[in-house]
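Okay, start.csv now, which holds CSV, N, CA and C atoms and all ligand atoms:
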chain,number,residue,atom,x,y,z
A,1,MET,N,155.7,121.3,107.7
A,1,MET,CA,154.3,121.0,107.9
A,1,MET,C,153.3,121.9,107.2
A,2,GLU,N,153.7,123.1,107.0
A,2,GLU,CA,152.8,124.0,106.2
A,2,GLU,C,152.7,123.6,104.8
A,3,MET,N,153.7,122.8,104.3
A,3,MET,CA,153.6,122.3,102.9
A,3,MET,C,152.4,121.4,102.8
A,4,ILE,N,152.0,120.6,103.8
A,4,ILE,CA,150.9,119.8,103.7
A,4,ILE,C,149.6,120.6,103.5
A,5,GLY,N,149.5,121.7,104.2
A,5,GLY,CA,148.4,122.7,104.1
A,5,GLY,C,148.3,123.2,102.6
A,6,TRP,N,149.4,123.6,102.1
A,6,TRP,CA,149.4,124.2,100.7
A,6,TRP,C,149.1,123.1,99.7
A,7,LEU,N,149.5,121.9,100.0
A,7,LEU,CA,149.2,120.8,99.1
A,7,LEU,C,147.7,120.5,99.1
A,8,GLY,N,147.1,120.5,100.3
A,8,GLY,CA,145.7,120.4,100.4
A,8,GLY,C,144.9,121.5,99.7
A,9,THR,N,145.4,122.7,99.9
A,9,THR,CA,144.8,123.9,99.2
A,9,THR,C,144.9,123.7,97.7
A,10,ALA,N,146.0,123.2,97.2
A,10,ALA,CA,146.1,123.0,95.7
A,10,ALA,C,145.1,121.9,95.3
A,11,LEU,N,144.9,120.9,96.1
A,11,LEU,CA,143.9,119.9,95.7
A,11,LEU,C,142.5,120.4,95.8
A,12,VAL,N,142.2,121.3,96.7
A,12,VAL,CA,140.9,121.9,96.8
A,12,VAL,C,140.6,122.6,95.5
A,13,ILE,N,141.6,123.4,95.0
A,13,ILE,CA,141.4,124.2,93.8
A,13,ILE,C,141.3,123.2,92.6
A,14,VAL,N,142.1,122.2,92.5
A,14,VAL,CA,142.1,121.3,91.3
A,14,VAL,C,140.7,120.5,91.4
A,15,ALA,N,140.2,120.2,92.5
A,15,ALA,CA,139.0,119.4,92.6
A,15,ALA,C,137.8,120.0,92.0
A,16,TYR,N,137.8,121.4,91.9
A,16,TYR,CA,136.6,122.1,91.3
A,16,TYR,C,136.7,122.0,89.8
A,17,PHE,N,137.8,121.8,89.2
A,17,PHE,CA,138.0,121.9,87.7
A,17,PHE,C,137.1,120.9,86.9
A,18,PRO,N,137.0,119.6,87.3
A,18,PRO,CA,136.1,118.8,86.4
A,18,PRO,C,134.7,119.2,86.4
A,19,GLN,N,134.1,119.7,87.5
A,19,GLN,CA,132.7,120.2,87.5
A,19,GLN,C,132.6,121.4,86.7
A,20,ILE,N,133.5,122.4,86.9
A,20,ILE,CA,133.4,123.7,86.2
A,20,ILE,C,133.6,123.5,84.7
A,21,ARG,N,134.5,122.6,84.4
A,21,ARG,CA,134.8,122.3,83.0
A,21,ARG,C,133.5,121.7,82.3
A,22,HIS,N,132.9,120.8,83.0
A,22,HIS,CA,131.7,120.1,82.5
A,22,HIS,C,130.6,121.2,82.3
A,23,LEU,N,130.4,122.0,83.3
A,23,LEU,CA,129.4,123.1,83.2
A,23,LEU,C,129.7,124.0,82.0
A,24,TYR,N,131.0,124.4,81.9
A,24,TYR,CA,131.3,125.4,80.9
A,24,TYR,C,131.3,124.8,79.5
A,25,VAL,N,131.9,123.6,79.3
A,25,VAL,CA,132.0,123.0,78.0
A,25,VAL,C,130.6,122.4,77.5
A,26,GLU,N,130.0,121.6,78.4
A,26,GLU,CA,128.8,120.9,78.0
A,26,GLU,C,127.5,121.7,78.3
A,27,LYS,N,127.6,122.7,79.1
A,27,LYS,CA,126.5,123.5,79.6
A,27,LYS,C,125.4,122.6,80.2
A,28,CYS,N,125.9,121.6,80.9
A,28,CYS,CA,125.0,120.6,81.5
A,28,CYS,C,125.2,120.6,83.0
A,29,ALA,N,124.0,120.8,83.7
A,29,ALA,CA,124.0,120.9,85.2
A,29,ALA,C,123.3,119.7,85.8
A,30,TRP,N,123.2,118.6,85.1
A,30,TRP,CA,122.5,117.4,85.5
A,30,TRP,C,123.0,117.0,86.9
A,31,GLY,N,122.0,116.9,87.8
A,31,GLY,CA,122.4,116.3,89.1
A,31,GLY,C,122.9,117.4,90.1
A,32,ILE,N,123.0,118.6,89.7
A,32,ILE,CA,123.6,119.6,90.6
A,32,ILE,C,122.5,120.3,91.4
A,33,SER,N,122.7,120.3,92.7
A,33,SER,CA,121.7,121.0,93.6
A,33,SER,C,122.2,122.4,93.9
A,34,ILE,N,121.6,123.4,93.3
A,34,ILE,CA,122.0,124.8,93.5
A,34,ILE,C,121.9,125.1,95.0
A,35,SER,N,120.9,124.6,95.7
A,35,SER,CA,120.8,124.9,97.2
A,35,SER,C,122.0,124.4,97.9
A,36,THR,N,122.5,123.3,97.6
A,36,THR,CA,123.7,122.8,98.2
A,36,THR,C,124.9,123.7,98.0
A,37,TRP,N,125.1,124.1,96.8
A,37,TRP,CA,126.2,125.0,96.4
A,37,TRP,C,126.0,126.4,97.1
A,38,VAL,N,124.8,126.9,97.2
A,38,VAL,CA,124.6,128.1,97.9
A,38,VAL,C,125.0,128.0,99.4
A,39,ILE,N,124.6,126.9,100.0
A,39,ILE,CA,125.0,126.6,101.4
A,39,ILE,C,126.5,126.6,101.5
A,40,TRP,N,127.2,125.9,100.6
A,40,TRP,CA,128.7,125.9,100.6
A,40,TRP,C,129.2,127.3,100.5
A,41,LEU,N,128.6,128.1,99.7
A,41,LEU,CA,129.1,129.5,99.5
A,41,LEU,C,128.9,130.3,100.8
A,42,ILE,N,127.8,130.1,101.5
A,42,ILE,CA,127.6,130.8,102.8
A,42,ILE,C,128.7,130.3,103.8
A,43,ALA,N,128.9,129.0,103.8
A,43,ALA,CA,129.9,128.4,104.7
A,43,ALA,C,131.3,128.9,104.4
A,44,GLY,N,131.6,129.0,103.1
A,44,GLY,CA,132.9,129.6,102.6
A,44,GLY,C,133.1,131.0,103.1
A,45,LEU,N,132.0,131.8,103.0
A,45,LEU,CA,132.1,133.2,103.4
A,45,LEU,C,132.4,133.3,104.9
A,46,LEU,N,131.7,132.5,105.7
A,46,LEU,CA,131.8,132.5,107.1
A,46,LEU,C,133.3,132.0,107.5
A,47,LEU,N,133.7,131.0,106.8
A,47,LEU,CA,135.1,130.4,107.1
A,47,LEU,C,136.2,131.4,106.7
A,48,LEU,N,135.9,132.2,105.6
A,48,LEU,CA,136.8,133.2,105.1
A,48,LEU,C,136.9,134.3,106.2
A,49,THR,N,135.8,134.7,106.7
A,49,THR,CA,135.8,135.7,107.8
A,49,THR,C,136.6,135.2,109.0
A,50,TYR,N,136.4,134.0,109.4
A,50,TYR,CA,137.1,133.4,110.5
A,50,TYR,C,138.6,133.4,110.2
A,51,ALA,N,139.0,132.9,109.1
A,51,ALA,CA,140.4,132.8,108.7
A,51,ALA,C,141.0,134.2,108.7
A,52,TRP,N,140.3,135.1,108.1
A,52,TRP,CA,140.8,136.5,108.0
A,52,TRP,C,141.0,137.1,109.4
A,53,LEU,N,140.1,136.9,110.2
A,53,LEU,CA,140.2,137.5,111.6
A,53,LEU,C,141.3,136.9,112.4
A,54,ARG,N,141.6,135.6,112.1
A,54,ARG,CA,142.8,135.0,112.7
A,54,ARG,C,144.1,135.2,112.0
A,55,SER,N,144.0,135.9,110.9
A,55,SER,CA,145.2,136.2,110.1
A,55,SER,C,145.9,135.0,109.6
A,56,ASP,N,145.1,134.0,109.2
A,56,ASP,CA,145.6,132.7,108.8
A,56,ASP,C,145.7,132.7,107.2
A,57,VAL,N,146.9,132.9,106.7
A,57,VAL,CA,147.0,133.1,105.3
A,57,VAL,C,146.6,131.8,104.5
A,58,LEU,N,147.0,130.7,104.9
A,58,LEU,CA,146.6,129.4,104.2
A,58,LEU,C,145.1,129.2,104.1
A,59,PHE,N,144.4,129.3,105.2
A,59,PHE,CA,143.0,129.1,105.2
A,59,PHE,C,142.2,130.3,104.5
A,60,THR,N,142.8,131.5,104.5
A,60,THR,CA,142.2,132.6,103.8
A,60,THR,C,142.3,132.3,102.3
A,61,VAL,N,143.5,131.8,101.8
A,61,VAL,CA,143.7,131.5,100.4
A,61,VAL,C,142.8,130.4,100.0
A,62,VAL,N,142.7,129.3,100.7
A,62,VAL,CA,141.8,128.2,100.3
A,62,VAL,C,140.3,128.6,100.3
A,63,GLN,N,139.9,129.5,101.2
A,63,GLN,CA,138.5,129.9,101.2
A,63,GLN,C,138.2,130.8,100.0
A,64,ILE,N,139.2,131.7,99.7
A,64,ILE,CA,139.0,132.6,98.5
A,64,ILE,C,138.9,131.7,97.3
A,65,ALA,N,139.8,130.8,97.2
A,65,ALA,CA,139.7,129.9,96.0
A,65,ALA,C,138.4,129.1,95.9
A,66,SER,N,137.9,128.6,97.1
A,66,SER,CA,136.7,127.9,97.1
A,66,SER,C,135.5,128.8,96.7
A,67,ILE,N,135.5,130.0,97.3
A,67,ILE,CA,134.4,130.9,97.0
A,67,ILE,C,134.3,131.3,95.5
A,68,VAL,N,135.5,131.5,94.9
A,68,VAL,CA,135.5,131.8,93.5
A,68,VAL,C,135.0,130.6,92.7
A,69,ALA,N,135.4,129.4,93.0
A,69,ALA,CA,135.0,128.2,92.3
A,69,ALA,C,133.5,127.9,92.5
A,70,ILE,N,133.0,128.1,93.7
A,70,ILE,CA,131.6,127.8,94.0
A,70,ILE,C,130.7,128.9,93.3
A,71,THR,N,131.2,130.1,93.3
A,71,THR,CA,130.4,131.2,92.6
A,71,THR,C,130.3,130.8,91.1
A,72,ALA,N,131.5,130.4,90.5
A,72,ALA,CA,131.5,130.1,89.1
A,72,ALA,C,130.6,128.9,88.9
A,73,THR,N,130.6,127.9,89.8
A,73,THR,CA,129.7,126.7,89.6
A,73,THR,C,128.2,127.1,89.6
A,74,ILE,N,127.9,128.0,90.6
A,74,ILE,CA,126.5,128.4,90.7
A,74,ILE,C,126.0,129.2,89.4
A,75,ILE,N,126.9,130.1,89.0
A,75,ILE,CA,126.5,130.9,87.8
A,75,ILE,C,126.4,130.0,86.5
A,76,LEU,N,127.4,129.1,86.3
A,76,LEU,CA,127.4,128.2,85.2
A,76,LEU,C,126.2,127.3,85.2
A,77,ALA,N,125.9,126.8,86.4
A,77,ALA,CA,124.8,125.8,86.6
A,77,ALA,C,123.5,126.5,86.2
A,78,LYS,N,123.3,127.7,86.6
A,78,LYS,CA,122.1,128.5,86.4
A,78,LYS,C,121.9,128.8,84.9
A,79,ARG,N,123.1,128.9,84.2
A,79,ARG,CA,123.1,129.2,82.7
A,79,ARG,C,122.9,127.9,81.9
A,80,SER,N,123.1,126.8,82.5
A,80,SER,CA,123.1,125.5,81.8
A,80,SER,C,121.7,125.2,81.2
A,81,THR,N,121.7,124.9,80.0
A,81,THR,CA,120.4,124.7,79.3
A,81,THR,C,120.3,123.3,78.7
A,82,THR,N,121.3,122.5,78.7
A,82,THR,CA,121.3,121.2,78.0
A,82,THR,C,121.7,120.0,79.0
A,83,ILE,N,121.4,118.8,78.5
A,83,ILE,CA,121.9,117.6,79.2
A,83,ILE,C,122.9,117.0,78.2
A,84,CYS,N,124.1,116.8,78.6
A,84,CYS,CA,125.1,116.3,77.8
A,84,CYS,C,124.8,114.8,77.4
A,85,PRO,N,125.4,114.3,76.3
A,85,PRO,CA,125.1,112.9,75.9
A,85,PRO,C,125.4,111.9,77.0
A,86,TYR,N,126.4,112.1,77.8
A,86,TYR,CA,126.7,111.2,78.9
A,86,TYR,C,125.6,111.1,79.9
A,87,HIS,N,125.1,112.2,80.3
A,87,HIS,CA,124.1,112.2,81.3
A,87,HIS,C,122.7,111.9,80.7
A,88,LEU,N,122.5,112.2,79.5
A,88,LEU,CA,121.3,111.8,78.8
A,88,LEU,C,121.2,110.3,78.7
A,89,ALA,N,122.3,109.6,78.3
A,89,ALA,CA,122.4,108.2,78.3
A,89,ALA,C,122.1,107.6,79.7
A,90,ALA,N,122.7,108.2,80.7
A,90,ALA,CA,122.5,107.7,82.1
A,90,ALA,C,121.0,107.8,82.4
A,91,THR,N,120.4,108.9,82.0
A,91,THR,CA,119.0,109.1,82.3
A,91,THR,C,118.1,108.0,81.6
A,92,GLU,N,118.5,107.8,80.3
A,92,GLU,CA,117.7,106.8,79.6
A,92,GLU,C,117.9,105.4,80.2
A,93,LYS,N,119.1,105.1,80.6
A,93,LYS,CA,119.4,103.8,81.3
A,93,LYS,C,118.6,103.7,82.6
A,94,LEU,N,118.5,104.8,83.3
A,94,LEU,CA,117.7,104.8,84.5
A,94,LEU,C,116.2,104.6,84.3
A,95,LYS,N,115.7,105.2,83.2
A,95,LYS,CA,114.3,105.0,82.8
A,95,LYS,C,114.0,103.6,82.5
A,96,GLY,N,115.0,102.9,81.8
A,96,GLY,CA,114.8,101.6,81.4
A,96,GLY,C,114.9,100.6,82.6
A,97,SER,N,115.5,101.0,83.7
A,97,SER,CA,115.6,100.0,84.8
A,97,SER,C,114.6,100.2,85.9
A,98,ARG,N,113.8,101.3,85.8
A,98,ARG,CA,112.8,101.5,86.8
A,98,ARG,C,111.4,101.7,86.2
A,99,PRO,N,110.4,101.4,86.9
A,99,PRO,CA,109.1,101.7,86.4
A,99,PRO,C,108.9,103.2,86.2
A,100,GLN,N,108.3,103.7,85.2
A,100,GLN,CA,108.1,105.1,84.9
A,100,GLN,C,107.5,105.9,86.1
A,101,ARG,N,106.6,105.2,86.8
A,101,ARG,CA,105.9,105.9,87.9
A,101,ARG,C,106.9,106.4,88.9
A,102,GLN,N,108.0,105.6,89.2
A,102,GLN,CA,108.9,106.0,90.2
A,102,GLN,C,109.7,107.2,89.8
A,103,LEU,N,110.1,107.3,88.5
A,103,LEU,CA,110.8,108.4,88.0
A,103,LEU,C,110.0,109.7,88.1
A,104,ASP,N,108.7,109.6,87.7
A,104,ASP,CA,107.8,110.7,87.7
A,104,ASP,C,107.6,111.3,89.2
A,105,GLU,N,107.7,110.4,90.1
A,105,GLU,CA,107.5,110.9,91.5
A,105,GLU,C,108.7,111.6,92.1
A,106,GLN,N,109.9,111.5,91.5
A,106,GLN,CA,111.1,112.1,92.0
A,106,GLN,C,111.1,113.6,91.7
B,1,ZN,ZN,126.4,116.3,81.8

Could I get this file's structure written as structure tokens?
Amino acid sequence: MEMIGWLGTALVIVAYFPQIRHLYVEKCAWGISISTWVIWLIAGLLLLTYAWLRSDVLFTVVQIASIVAITATIILAKRSTTICPYHLAATEKLKGSRPQRQLDEQ
């Protein structure tokens, strides 16, 4: 049964890679809410404390992995200075499908 937990932990770690790769390679943070990631970081720190106090190795490992990935995401998002061609095209498509006034209000 513990194998299910480790498999879930591995998937949590793998799940961060596409976002971190995009931030690192493209230097594009389009659509990322830093506030959301900071809240996840605080939640991760609280859950790590809880897991540590309960001596739960599995949840301690998954929280450490999450905290490292979340911290990397926040740092890379704050350093991002460009919009990648994919997201730029998506933005242009959005502008074409909505009146400009709606985009300016967002
Ligand atoms: Zn992008």

Report the closest atom pair, with its distance in Å rounded to one decimal, for each residue of chain A that has an atom no farther than 6.5 Å from ligand ZN 1 (chain B); count all atoms listed in the file, sort by chain and then rising residue number, and write it as a tab-separated table.
residue	atom	partner	partner_atom	distance
A:His22	C	B:ZN1	ZN	6.5
A:Glu26	CA	B:ZN1	ZN	6.4
A:Cys28	CA	B:ZN1	ZN	4.5
A:Ala29	N	B:ZN1	ZN	5.4
A:Trp30	N	B:ZN1	ZN	5.1
A:Ile83	C	B:ZN1	ZN	5.1
A:Cys84	N	B:ZN1	ZN	4.0
A:Pro85	N	B:ZN1	ZN	5.9
A:Tyr86	C	B:ZN1	ZN	5.6
A:His87	N	B:ZN1	ZN	4.6
A:Leu88	N	B:ZN1	ZN	6.1

For the selection just defined, write its residues with N, CA and C atoms to a file, as a PDB file, in the coordinates of the input.
ATOM      1  N   HIS A  22     132.900 120.800  83.000  1.00  0.00           N
ATOM      2  CA  HIS A  22     131.700 120.100  82.500  1.00  0.00           C
ATOM      3  C   HIS A  22     130.600 121.200  82.300  1.00  0.00           C
ATOM      4  N   GLU A  26     130.000 121.600  78.400  1.00  0.00           N
ATOM      5  CA  GLU A  26     128.800 120.900  78.000  1.00  0.00           C
ATOM      6  C   GLU A  26     127.500 121.700  78.300  1.00  0.00           C
ATOM      7  N   CYS A  28     125.900 121.600  80.900  1.00  0.00           N
ATOM      8  CA  CYS A  28     125.000 120.600  81.500  1.00  0.00           C
ATOM      9  C   CYS A  28     125.200 120.600  83.000  1.00  0.00           C
ATOM     10  N   ALA A  29     124.000 120.800  83.700  1.00  0.00           N
ATOM     11  CA  ALA A  29     124.000 120.900  85.200  1.00  0.00           C
ATOM     12  C   ALA A  29     123.300 119.700  85.800  1.00  0.00           C
ATOM     13  N   TRP A  30     123.200 118.600  85.100  1.00  0.00           N
ATOM     14  CA  TRP A  30     122.500 117.400  85.500  1.00  0.00           C
ATOM     15  C   TRP A  30     123.000 117.000  86.900  1.00  0.00           C
ATOM     16  N   ILE A  83     121.400 118.800  78.500  1.00  0.00           N
ATOM     17  CA  ILE A  83     121.900 117.600  79.200  1.00  0.00           C
ATOM     18  C   ILE A  83     122.900 117.000  78.200  1.00  0.00           C
ATOM     19  N   CYS A  84     124.100 116.800  78.600  1.00  0.00           N
ATOM     20  CA  CYS A  84     125.100 116.300  77.800  1.00  0.00           C
ATOM     21  C   CYS A  84     124.800 114.800  77.400  1.00  0.00           C
ATOM     22  N   PRO A  85     125.400 114.300  76.300  1.00  0.00           N
ATOM     23  CA  PRO A  85     125.100 112.900  75.900  1.00  0.00           C
ATOM     24  C   PRO A  85     125.400 111.900  77.000  1.00  0.00           C
ATOM     25  N   TYR A  86     126.400 112.100  77.800  1.00  0.00           N
ATOM     26  CA  TYR A  86     126.700 111.200  78.900  1.00  0.00           C
ATOM     27  C   TYR A  86     125.600 111.100  79.900  1.00  0.00           C
ATOM     28  N   HIS A  87     125.100 112.200  80.300  1.00  0.00           N
ATOM     29  CA  HIS A  87     124.100 112.200  81.300  1.00  0.00           C
ATOM     30  C   HIS A  87     122.700 111.900  80.700  1.00  0.00           C
ATOM     31  N   LEU A  88     122.500 112.200  79.500  1.00  0.00           N
ATOM     32  CA  LEU A  88     121.300 111.800  78.800  1.00  0.00           C
ATOM     33  C   LEU A  88     121.200 110.300  78.700  1.00  0.00           C
TER      34      LEU A  88
END

**Q.** Atom-to-atom span, atom CA of Phe59 of chain A and atom C of Leu47 of chain A, Å
**A.** 7.3 Å

Q. Which value, in Å to one decimal, gives the distance between atom C of Gln19 of chain A and atom N of Trp6 of chain A?
A. 22.9 Å

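Here the question is which of A:Lys27, A:Leu11, A:Ile39, A:Pro18 gets nearest to Arg79 of chain A using all atoms listed in the file, and that residue is A:Lys27.
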
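Each of A:Leu58, A:Ala72, A:Leu94, A:Leu41 was compared to Gly5 of chain A using all atoms listed in the file, and A:Leu58 turns out to be the nearest.
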
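Separating atom CA of Gly44 of chain A from atom N of Gln63 of chain A is a distance of 7.1 Å.
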
Q: Report as an MDAnalysis selection string: the residues of chain A with a DSSP assignment of alpha helix (DSSP H), based on the backbone of this structure.
A: chainID A and resid 2:26 34:53 57:79 85:97 100:105

(Q) Which residues are near Trp37 of chain A? Cut-off 8 Å, all atoms listed in the file, ignore same chain within fewer than 4 positions. Put them as a list in words. (A) Ile32, Ser33, Leu41, Ile42, Ala43, Ile70, Thr71, Thr73 and Ile74 of chain A
